[in-house]
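> Here's a structure for you.
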Amino acid sequence: MTRILVIAEHDGQHIQQSTARCLNCAVQIEAAGADVVVFAAADSSAAAEAAKLSGVKRVLLVAQKDKIAALAAVLAPQIVALAAGYDCILAPSTTFGRDLLPRVAALLGCAQISDIMAVIGPRSFKRPIYAGNAIVTVEVPEGQQIIGTVRSASFKPVENGAEAPVEAISVSAELPAHTRFIELQSGSSDRPDLQSAKIVLSGGRGVGSAENFKQLYALADRMGAAVGASRAAVDAGFVPNEMQVGQTGKIIAPDFYLAFGISGAIQHLTGIKDAGTIVAINKDAEAPIFEIADIGLVGDLFTAIEEISKQLG
Amino acid sequence: MHKIIVCLKRVVDYNVRIRVKPDGSGVITEGLKMSINPFDEIALEEALRIREKGGAAEIIAVSIGPDDCQQQLRTALAMGADRAILVQTSTELEPLGAARTLLKIVEREQPDLVLLGKQAIDDDCSQTGQMLAALWGRPQATFASKVEIKDQAARVTREVDAGLEVIEVDLPAVITTDLRLNEPRYVKLPDIMKAKKKPIETLALESLGADTTIKLRTLHHETPAPRGKGIVVKDVAQLITALRERGLSA
């Protein structure tokens, strides 16, 4: 049996969906499930939420003094202290896991598999390289710990299941003071989270301004959708960076992805390849986005937004 | 600050569309245009800007790979690096092996700061910087979109999924760079000429004594399955019908 430890990602109070997706990968490696470790304040509800996820054998809660930050330099030695009991350590391939897990792997003297997109066998996995233009299958030889980040867009989140026990534990590790959290600047939004939304509306340079993006927000609110953007729209200052979809932004897999005024640079397409249905609305019929779109509409995006809004009634 | 190391990887140019070998043994790289990994170029640009603000005396460009990497190191010298080190090897290292090799250089040079890209655009691993920081026992600030050096610390703005995270790290530290940090300068002809006089030191990988054993077994490469051919609709009414057929309930 493969003993797996999943490192939970949370925002202080709530477990992120990336953790549930990571667990789906874990149960494909080992049907008996995995332990989940939550580094959070003792009064956080994150541990209780993690305990409800299907595939969780038990939740280890390691209480942290600092409730805001998830600093890799602080978490890595604590994970290393737990690592001896496990054959496999997984974390989501979000900026959280991508920052943290290589630090853990290096301290353990292990190689890491980044962005696991499929489980082929208990020790072999597929991952994308060259911005997803090639897929490589790699195997971790017997006798080595499997250390991997899990590409969220490739795994559906596990459902809630029977409640697993939560054990508060303490680990003995020396924590550095050389790294300090200052602040998180985040555009607060009531809209669904980009990485877990079923419908995503996304705008590109063609939207033209921050002001014009409001039309997209209004339509998104009617549809219960999240709003994303291309790198061009972020670079132009129309929207904040956390809305960026693509190779260097978020890689997402909503059921429906509607791209308004996005030309479709390869780096953007990398971020949406796993979407269920891709819709492209662009006045340039030659835009590369049409090559991967399931439904294309050549025309003015603002007219389209207005019409969609009207016709959805 | 007296010294910055910038790590550069030679990769297939980002404009080139790669192809998988028919036998699945790898990716065809022969004869393709090669460049400095774009994220590493941003790291070098940031080092130059730190120096221009009076923050660093010497910038050392380091690469690991075959002799051909000298081309990329020459470009780095033309951009403004003072000297370069090439760790020669014909084997492609895993990120852990690369980090252990870089650690040997770091121990020798004792830099205040190591800058490198947040990932290489060939293997897309995004591991080397974090691994180097771990082995060195120093702070890491990954995915940087703003770097401010003050005294013996760096205040770094990081592009994270939730927005922009600001952290402060004591120096020496490892910073990995994201796209929005800066736009690298173009190299001018006189600088290319000047760069020819700057030194590139070559070291055999074996001479450093780092453990670079390959740990993972690569079994197979393949081309991703293409998405099915899409349809073009004439108007929004048809679009909505098509979306409803596919299960949109909004």
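Quick note on naming: the chains in the structure tokens go A, B, ... in the order shown, residues restart at 1 in each chain, and ligands are numbered from 1 in order of appearance.
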Would you mind listing, as JSON, numbers by chain, all residues of chain A that have at least one atom within 6 Å of chain B, where only C-alpha atoms are what counts?
{"A": [95, 102, 103, 106, 114, 129, 130, 134, 135, 136, 137, 138, 139, 140, 178, 179, 180, 181, 182, 183, 184, 185, 186, 223, 242, 293, 294, 295, 296, 297]}
> Next, dump the selected residues to file, keeping only C-alpha atoms, as a PDB file, in the first residue's frame.

```pdb
ATOM      1  CA  THR A  95       1.280  28.957  -6.896  1.00  0.00           C
ATOM      2  CA  PRO A 102      10.360  21.780  -4.637  1.00  0.00           C
ATOM      3  CA  ARG A 103      11.737  23.108  -1.349  1.00  0.00           C
ATOM      4  CA  ALA A 106      15.267  19.207  -2.258  1.00  0.00           C
ATOM      5  CA  SER A 114       5.592  18.831 -11.587  1.00  0.00           C
ATOM      6  CA  ILE A 129       6.224  19.962 -21.190  1.00  0.00           C
ATOM      7  CA  TYR A 130       6.851  22.741 -23.737  1.00  0.00           C
ATOM      8  CA  ALA A 134       4.255  17.510 -25.658  1.00  0.00           C
ATOM      9  CA  ILE A 135       3.280  15.077 -22.935  1.00  0.00           C
ATOM     10  CA  VAL A 136       5.894  12.974 -21.180  1.00  0.00           C
ATOM     11  CA  THR A 137       5.388   9.819 -19.130  1.00  0.00           C
ATOM     12  CA  VAL A 138       7.797   9.517 -16.215  1.00  0.00           C
ATOM     13  CA  GLU A 139       8.296   6.784 -13.650  1.00  0.00           C
ATOM     14  CA  VAL A 140       9.639   7.024 -10.132  1.00  0.00           C
ATOM     15  CA  HIS A 178      14.601  35.004   7.372  1.00  0.00           C
ATOM     16  CA  THR A 179      11.336  35.202   5.428  1.00  0.00           C
ATOM     17  CA  ARG A 180       8.487  37.475   6.524  1.00  0.00           C
ATOM     18  CA  PHE A 181       4.977  37.883   5.181  1.00  0.00           C
ATOM     19  CA  ILE A 182       4.052  41.547   4.684  1.00  0.00           C
ATOM     20  CA  GLU A 183       0.664  41.606   2.963  1.00  0.00           C
ATOM     21  CA  LEU A 184      -1.629  40.126   0.353  1.00  0.00           C
ATOM     22  CA  GLN A 185      -3.108  42.568  -2.134  1.00  0.00           C
ATOM     23  CA  SER A 186      -6.205  41.057  -3.591  1.00  0.00           C
ATOM     24  CA  MET A 223     -24.795  33.771 -15.556  1.00  0.00           C
ATOM     25  CA  GLU A 242      -5.066  37.256 -10.412  1.00  0.00           C
ATOM     26  CA  ALA A 293     -12.834  26.908 -30.177  1.00  0.00           C
ATOM     27  CA  ASP A 294     -15.786  24.506 -30.187  1.00  0.00           C
ATOM     28  CA  ILE A 295     -18.118  27.342 -31.102  1.00  0.00           C
ATOM     29  CA  GLY A 296     -16.937  30.461 -32.895  1.00  0.00           C
ATOM     30  CA  LEU A 297     -18.777  33.718 -33.539  1.00  0.00           C
TER      31      LEU A 297
END
```
> Residues within 8 Å of stretch 18-27 of chain A, please, as an MDAnalysis selection string. Count only C-alpha atoms; anything in the same chain fewer than 3 positions from it doesn't count.
chainID A and resid 4 6:9 15 30:34 53 55:56 90:92 94 118:119 150:152 155:159
> Go through stretch 22-252 of chain A and collect every residue that DSSP, computed from the backbone, puts in helix (DSSP H, G or I); the answer should be as an MDAnalysis selection string.
chainID A and resid 22:29 46:51 72:83 95:108 130:132 152:154 205:207 210:223 231:235 241:243
> If I take atom CA of B:Lys146 and atom CA of B:Gly54, how far is one from the other in Å, to one decimal?
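Atom CA of B:Lys146 sits 17.1 Å away from atom CA of B:Gly54.
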> From a DSSP pass on the backbone, collect the residues of stretch 54-295 of chain A flagged as strand (DSSP E or B) and hand them back as a PyMOL selection string.
chain A and resi 56-63+88-92+113-116+118-121+124-129+134-139+146-150+160+166-169+179-185+199-203+226-229+244-245+250+256-260+277-282+295
> Could you give me, as an NGL selection string, the residues within 8 Å of B:Leu181, counting only C-alpha atoms and dropping anything in the same chain fewer than 6 positions from it?
:B and (42 or 46 or 144-147)
> Keeping only C-alpha atoms, write the selected residues to a file as a CSV table (one decimal), in the first residue's frame.

```csv
chain,number,residue,atom,x,y,z
B,42,ILE,CA,14.1,38.8,-17.2
B,46,GLU,CA,16.5,42.8,-13.1
B,144,ALA,CA,8.5,38.0,-8.5
B,145,SER,CA,6.8,40.9,-10.2
B,146,LYS,CA,8.6,43.6,-8.2
B,147,VAL,CA,11.9,43.6,-6.3
```
